[in-house]
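Trainee: Quick one: the structure is below, questions incoming.
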Amino acid sequence: MFIVRKGDIPLLSRRFKEAASRLLERHEGTPFEVRFWGGERLRFGAGAPALSMTFRTRRALCDTLLRGTLGLGEAYIRREVTFEGDLEDALAGVFELARSAGPVRSAQAVGSRLSRLSRLSHVPPPPLERGAAGLLDALGIGRRSGAARREQRAVERHYGLGNDFYALYLDRRLQTSCGYFRVPGEALDDAQAHKIALVARKLALRRGQRLLDVGCGWGHFMFHAAEAYGVQCLGITLCENQARYIREQAAARRLPVEVRVMSHEELEAEPRWDRLVSLGSMCHAGERRIDVFYDRVKALLAEGGVCLLESVTRAQESPWADPFLQAHIFPGYWPPSLRGMASRAATRGLDVLDAENLRRHSALTARCWRKNFLENRDKIARVTGFDPAFMRKWEFYLACAAAAFRTGHLSFIQMVLSNGAPRDYPLAREAPNAVDEASPRERAPIVPAAQFSLWGASAPS
C-alpha cells in the first residue's frame with residue numbers, strides 16, 4: 001500500500017515516492033507506517049500498520065538516509081525521530097525492509113544509493129565535517145597504529161561504565177554474553193546459568209586442567225569451572241573494575257581463580273593451556289587484528305587442547321560495521337562471519353569440533369536486558385547520574401540488538417576447536433548438551449549492587 005497525505009507544499013519529490021513505492025511492494029514483513037514532518041506518510045507491508053516511525057525534522061530524514069543506524073539512532077536520541085508501538089518491533093521492521101531492498105555489493109554502491117535518495121527527498125546533506133568523520137570511520141583511516149591501546153580504551157569505555165549500571169539490567173552473574181533458554185519465557189538468571197553450564201560441558205572440563213578465559217568479564221564462568229570441576233583458571237580483562245570484582249569473589253569463595261588486566265597479546269606463550277574460552281570478546285579485536293587473535297589462540301592452546309570461541313556474526317564479512325555501535329557503544333567493534341571463523345581456524349591447523357548458532361537465544365537475552373533496563377530506568381539514572389540522552393542511547397542500542405538477532409540481521413556463533421587430536425573429548429554430540437550435568441552453584445553470595453564501586457561518574461559522549 002502507498003499513501004501520501006496531500007499538503008500545501010509537497011515535502012517529498014515524485015521520484016522519491018516512486019522509488020519508495022517500488023520498495024513498498026517488496027516488503028513482506030510487519031506492516032508499518034513512516035510519517036514525515038509535514039504530514040505525508042508511507043505505508044510498508046500489507047494490512048493496517050502495526051507501528052509507525054515519525055521523522056519530525058528534515059535533518060532526521062537526511063541523517064538516516066546518509067548515515068544509516070548512526071543517523072537514525074542520533075535522531076532518536078535528539079527526539080527528532082519518534083515511534084508509536086514497541087521500539088524493538090519498529091526496528092525489526094526497518095531491518096526487514098533493508099533485507100527486502102536486496103544486498104548492496106560495495107561501498108561505492110552504498111554511497112551512490114544514499115546520495116540518490118537524498119536528492120530525491122530534497123534534503124540537504126549533513127555538514128561536511130560530520131560526513132567526513134563518518135567516511136573516515138567507515139574506511140578505518142587513523143587506526144593504523146596503537147590498535148591494542150585503542151581496543152583497551154574502547155573496552156574500558158563500555159564495561160567501565162560501572163558495575164552498578166550493569167547490575168541493574170544484566171542477570172545476577174553479570175553475564176554480557178547471551179543466555180541459553182530452555183523455553184522462551186525462562187528467567188534470565190536461569191538462562192545464564194544454563195549457558196555457563198553448557199560452555200563447561202562443551203569444553204569437557206576435568207579436574208586438574210588449566211583454563212584461560214580471554215575477555216573474562218566479571219568471572220562467573222571461571223567461578224563455575226573452579227567450583228564444579230576443580231579447574232585452575234586465569235582470566236584476562238582490560239577493565240580494572242572487573243578484575244577487582246573477580247579478585248574479591250575468588251578470595252571470598254577460596255577458588256583457584258586468578259585475573260590479570262592485560263591483552264591476550266601480552267600474555268606469555270608458556271605454559272600453554274588445556275582449555276581456552278572467549279565469550280564474545282573476539283569482536284573487540286576488529287577486522288585488522290582478528291588474525292592476530294587467532295594466532296594467539298593457536299599459540300596459547302596446548303597440543304590436544306580444546307577451546308570455545310563465541311561471537312556475534314553476520315552472513316558476509318566486509319570492512320563496514322554498524323556505525324551507531326561503533327560511534328556510541330563499542331568503538332572498533334567488528335563481527336566476523338561463520339565462514340570467516342571456520343576458515344581462520346582451519347588455516348592455523350585448528351579442528352572444528354562443533355558449531356552452534358545461538359541467534360534466537362541472543363534475541364531473547366537482548367529482550368530481557370531491555371525489559372530490565374526499562375523497568376529500572378529511573379533507578380539507573382539516579383544511581384549512575386547518566387543523563388536522558390545516554391538513557392535513550394542505551395535503550396536504542398538494546399532494542400537494535402534484539403531486532404537484529406530476531407530478524408537474522410545478526411547471528412551468534414559458538415564454535416568448539418581443538419589443537420590437534422583432543423584428549424578425552426566426548427565422542428557423541430549429546431554429551432556436551434546433556435541436561436543432567438553440573439549447573440552453577442553459588443557457594444558464596446554474589447556481591448549486591450549496593451557494594452559495587454561506581455567507575456563511571458558521567459555518561460560518555
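We name chains A, B, ... following the order of the C-alpha cells; residues begin at 1 in each chain, and ligands are numbered from 1 as shown.
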Might you pull out every residue within 9 Å of A:Arg360, with only C-alpha atoms counted and same-chain residues fewer than 4 positions away left off, and present them as a PyMOL selection string?
Mentor: chain A and resi 364-365+405-406+408+411-412
Trainee: Within 9 Å of A:His409, counting only C-alpha atoms, which residues qualify if same-chain residues fewer than 4 places away don't, as a VMD selection string?
Mentor: chain A and resid 95 to 96 99 314 to 315 403 to 405
Trainee: I need the residues from that last selection saved to file as a PDB file, in the first residue's frame (with all heavy atoms), if you can.
Mentor:
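Full text of again38.pdb as output:
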```pdb
ATOM      1  N   PHE A  95      14.835  -3.433   9.768  1.00  0.00           N
ATOM      2  CA  PHE A  95      15.767  -4.461   9.297  1.00  0.00           C
ATOM      3  C   PHE A  95      15.126  -5.331   8.216  1.00  0.00           C
ATOM      4  O   PHE A  95      15.780  -5.723   7.243  1.00  0.00           O
ATOM      5  CB  PHE A  95      16.242  -5.327  10.462  1.00  0.00           C
ATOM      6  CG  PHE A  95      17.229  -4.645  11.365  1.00  0.00           C
ATOM      7  CD1 PHE A  95      17.029  -4.588  12.732  1.00  0.00           C
ATOM      8  CD2 PHE A  95      18.373  -4.061  10.846  1.00  0.00           C
ATOM      9  CE1 PHE A  95      17.935  -3.965  13.564  1.00  0.00           C
ATOM     10  CE2 PHE A  95      19.302  -3.434  11.674  1.00  0.00           C
ATOM     11  CZ  PHE A  95      19.070  -3.386  13.034  1.00  0.00           C
ATOM     12  N   GLU A  96      13.842  -5.659   8.392  1.00  0.00           N
ATOM     13  CA  GLU A  96      13.147  -6.438   7.368  1.00  0.00           C
ATOM     14  C   GLU A  96      13.075  -5.657   6.056  1.00  0.00           C
ATOM     15  O   GLU A  96      13.248  -6.220   4.973  1.00  0.00           O
ATOM     16  CB  GLU A  96      11.738  -6.790   7.855  1.00  0.00           C
ATOM     17  CG  GLU A  96      11.711  -7.817   8.977  1.00  0.00           C
ATOM     18  CD  GLU A  96      10.334  -7.945   9.602  1.00  0.00           C
ATOM     19  OE1 GLU A  96       9.474  -7.063   9.331  1.00  0.00           O
ATOM     20  OE2 GLU A  96      10.115  -8.908  10.361  1.00  0.00           O
ATOM     21  N   ARG A  99      16.354  -5.754   4.281  1.00  0.00           N
ATOM     22  CA  ARG A  99      16.553  -7.040   3.619  1.00  0.00           C
ATOM     23  C   ARG A  99      15.784  -7.112   2.308  1.00  0.00           C
ATOM     24  O   ARG A  99      16.273  -7.630   1.307  1.00  0.00           O
ATOM     25  CB  ARG A  99      16.091  -8.175   4.533  1.00  0.00           C
ATOM     26  CG  ARG A  99      17.160  -8.703   5.451  1.00  0.00           C
ATOM     27  CD  ARG A  99      16.707  -9.952   6.139  1.00  0.00           C
ATOM     28  NE  ARG A  99      17.826 -10.821   6.449  1.00  0.00           N
ATOM     29  CZ  ARG A  99      17.703 -12.039   6.951  1.00  0.00           C
ATOM     30  NH1 ARG A  99      16.511 -12.529   7.176  1.00  0.00           N
ATOM     31  NH2 ARG A  99      18.760 -12.759   7.217  1.00  0.00           N
ATOM     32  N   ARG A 314      27.835 -12.106  11.184  1.00  0.00           N
ATOM     33  CA  ARG A 314      26.937 -11.710  10.105  1.00  0.00           C
ATOM     34  C   ARG A 314      27.168 -12.643   8.925  1.00  0.00           C
ATOM     35  O   ARG A 314      28.143 -13.414   8.910  1.00  0.00           O
ATOM     36  CB  ARG A 314      27.166 -10.259   9.709  1.00  0.00           C
ATOM     37  CG  ARG A 314      28.619  -9.913   9.453  1.00  0.00           C
ATOM     38  CD  ARG A 314      28.792  -8.447   9.215  1.00  0.00           C
ATOM     39  NE  ARG A 314      30.194  -8.049   9.284  1.00  0.00           N
ATOM     40  CZ  ARG A 314      30.620  -6.843   9.010  1.00  0.00           C
ATOM     41  NH1 ARG A 314      29.768  -5.900   8.634  1.00  0.00           N
ATOM     42  NH2 ARG A 314      31.893  -6.542   9.106  1.00  0.00           N
ATOM     43  N   ALA A 315      26.292 -12.566   7.947  1.00  0.00           N
ATOM     44  CA  ALA A 315      26.330 -13.533   6.852  1.00  0.00           C
ATOM     45  C   ALA A 315      27.612 -13.424   6.034  1.00  0.00           C
ATOM     46  O   ALA A 315      28.213 -14.435   5.674  1.00  0.00           O
ATOM     47  CB  ALA A 315      25.113 -13.355   5.957  1.00  0.00           C
ATOM     48  N   ALA A 403      16.279  -6.611  17.844  1.00  0.00           N
ATOM     49  CA  ALA A 403      15.696  -6.652  16.495  1.00  0.00           C
ATOM     50  C   ALA A 403      16.637  -7.301  15.500  1.00  0.00           C
ATOM     51  O   ALA A 403      16.204  -8.061  14.617  1.00  0.00           O
ATOM     52  CB  ALA A 403      15.344  -5.237  16.056  1.00  0.00           C
ATOM     53  N   ALA A 404      17.932  -7.023  15.603  1.00  0.00           N
ATOM     54  CA  ALA A 404      18.899  -7.575  14.657  1.00  0.00           C
ATOM     55  C   ALA A 404      18.986  -9.087  14.776  1.00  0.00           C
ATOM     56  O   ALA A 404      19.033  -9.804  13.764  1.00  0.00           O
ATOM     57  CB  ALA A 404      20.265  -6.939  14.874  1.00  0.00           C
ATOM     58  N   PHE A 405      19.024  -9.614  16.003  1.00  0.00           N
ATOM     59  CA  PHE A 405      19.066 -11.066  16.177  1.00  0.00           C
ATOM     60  C   PHE A 405      17.728 -11.701  15.799  1.00  0.00           C
ATOM     61  O   PHE A 405      17.679 -12.777  15.203  1.00  0.00           O
ATOM     62  CB  PHE A 405      19.422 -11.418  17.617  1.00  0.00           C
ATOM     63  CG  PHE A 405      20.855 -11.136  17.973  1.00  0.00           C
ATOM     64  CD1 PHE A 405      21.171 -10.246  18.993  1.00  0.00           C
ATOM     65  CD2 PHE A 405      21.889 -11.765  17.294  1.00  0.00           C
ATOM     66  CE1 PHE A 405      22.489  -9.983  19.325  1.00  0.00           C
ATOM     67  CE2 PHE A 405      23.215 -11.507  17.614  1.00  0.00           C
ATOM     68  CZ  PHE A 405      23.518 -10.622  18.639  1.00  0.00           C
TER      69      PHE A 405
END
```
Trainee: Which residue is closest to A:Val183? Choose from A:Arg429, A:Arg35, A:His361, A:Arg253 and count only C-alpha atoms.
Mentor: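 For A:Val183, the nearest of the candidates is A:His361.
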Trainee: Write out as a list in words which residues come within 8 Å of A:Leu205 when counting only C-alpha atoms, dropping same-chain ones fewer than 3 positions away.
Mentor: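 My reading of the contact set: Ala200, Arg201, Gln209, Ala225, Tyr229, Val231 and Arg275 of chain A.
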Trainee: May I have the residues from that selection written out with C-alpha atoms, as a PDB file, in the first residue's frame?
Mentor:
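As written to disk, selection_39.pdb reads:
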```pdb
ATOM      1  CA  ALA A 200      31.639 -26.027  30.582  1.00  0.00           C
ATOM      2  CA  ARG A 201      30.230 -29.219  29.079  1.00  0.00           C
ATOM      3  CA  GLN A 209      43.031 -28.810  33.885  1.00  0.00           C
ATOM      4  CA  ALA A 225      34.717 -24.113  36.326  1.00  0.00           C
ATOM      5  CA  TYR A 229      35.134 -29.165  38.029  1.00  0.00           C
ATOM      6  CA  VAL A 231      39.818 -26.401  37.185  1.00  0.00           C
ATOM      7  CA  ARG A 275      41.333 -25.210  27.780  1.00  0.00           C
TER       8      ARG A 275
END
```
Trainee: May I ask which of the residues A:Ile329, A:Ala401, A:Val383, A:Ala204 is the closest one to A:Cys178, counting only C-alpha atoms?
Mentor: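 Going through A:Ile329, A:Ala401, A:Val383, A:Ala204 one by one, the smallest distance to A:Cys178 is for A:Ala401.
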Trainee: Compare A:Ala402, A:Val416, A:Arg210, A:Ala363 by their minimum atom-to-atom distance to A:Leu91, counting only C-alpha atoms, and give me the closest one.
Mentor: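 Residue with the minimum atom-to-atom distance to A:Leu91: A:Ala402.
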Trainee: Extract, using only C-alpha atoms, all DNA, RNA and protein residues at most 12 Å from A:Gln326, discarding same-chain residues fewer than 2 positions from it, and format them as a PyMOL selection string.
Mentor: chain A and resi 69-70+73+134+137-138+140+151+154-155+157-158+283-284+286+320-324+328-335+397
Trainee: Just to be explicit: take each residue in the selection above, keep C-alpha atoms, and write the result as a PDB file, in the first residue's frame.
Mentor:
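Okay, out-v9.pdb is ready:
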```pdb
ATOM      1  CA  THR A  69      21.670   3.392  12.004  1.00  0.00           C
ATOM      2  CA  LEU A  70      24.019   6.135  13.215  1.00  0.00           C
ATOM      3  CA  GLY A  73      19.954   6.490  16.417  1.00  0.00           C
ATOM      4  CA  GLY A 134      31.718   9.177   9.125  1.00  0.00           C
ATOM      5  CA  ASP A 137      35.279   5.831  10.485  1.00  0.00           C
ATOM      6  CA  ALA A 138      33.948   3.610   7.724  1.00  0.00           C
ATOM      7  CA  GLY A 140      39.252   2.817   9.148  1.00  0.00           C
ATOM      8  CA  GLU A 151      40.970  -1.712  21.976  1.00  0.00           C
ATOM      9  CA  ALA A 154      37.148   1.020  23.804  1.00  0.00           C
ATOM     10  CA  VAL A 155      36.601  -1.869  26.223  1.00  0.00           C
ATOM     11  CA  ARG A 157      34.661   2.909  27.747  1.00  0.00           C
ATOM     12  CA  HIS A 158      31.973   0.236  27.563  1.00  0.00           C
ATOM     13  CA  CYS A 283      34.654  -8.764  18.064  1.00  0.00           C
ATOM     14  CA  HIS A 284      36.696  -6.204  20.006  1.00  0.00           C
ATOM     15  CA  GLY A 286      38.380  -5.619  14.912  1.00  0.00           C
ATOM     16  CA  TRP A 320      31.787  -1.992   7.185  1.00  0.00           C
ATOM     17  CA  ALA A 321      30.384  -2.331  10.689  1.00  0.00           C
ATOM     18  CA  ASP A 322      27.299  -0.880  12.313  1.00  0.00           C
ATOM     19  CA  PRO A 323      28.034   2.869  12.585  1.00  0.00           C
ATOM     20  CA  PHE A 324      25.862   3.502  15.661  1.00  0.00           C
ATOM     21  CA  HIS A 328      28.378   5.161  20.716  1.00  0.00           C
ATOM     22  CA  ILE A 329      28.557   1.656  22.216  1.00  0.00           C
ATOM     23  CA  PHE A 330      31.555  -0.454  21.122  1.00  0.00           C
ATOM     24  CA  PRO A 331      34.213   1.592  19.281  1.00  0.00           C
ATOM     25  CA  GLY A 332      36.151  -0.682  16.953  1.00  0.00           C
ATOM     26  CA  TYR A 333      33.563  -3.469  17.201  1.00  0.00           C
ATOM     27  CA  TRP A 334      33.585  -5.747  14.131  1.00  0.00           C
ATOM     28  CA  PRO A 335      31.656  -9.034  13.780  1.00  0.00           C
ATOM     29  CA  TYR A 397      21.111   0.024  21.376  1.00  0.00           C
TER      30      TYR A 397
END
```
Trainee: Which residue out of A:Leu198, A:Pro422, A:Tyr169, A:Gly217 has the minimum interatomic distance to A:Arg182 when only C-alpha atoms are used?
Mentor: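 Using only C-alpha atoms, A:Arg182 sits closest to A:Leu198.
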Trainee: Pick out the residues sitting within 10 Å of stretch 293-308 of chain A, and hand them over as a ChimeraX atom specification; count only C-alpha atoms, and ignore anything fewer than 6 positions along from it in its own chain.
Mentor: /A:199-200,202-205,209,211-214,264-279,281-286,341,344-345,347-355,414-425
Trainee: I'd like to know which of A:Asn241, A:Ser177, A:Phe83, A:Arg78 is closest to A:Tyr159, using only C-alpha atoms.
Mentor: A:Asn241
Trainee: Determine the nearest neighbour of A:Cys216 from the options A:Ala366, A:Ala228, A:Ile246, A:Ala252, counting only C-alpha atoms.
Mentor: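 Going through A:Ala366, A:Ala228, A:Ile246, A:Ala252 one by one, the smallest distance to A:Cys216 is for A:Ile246.
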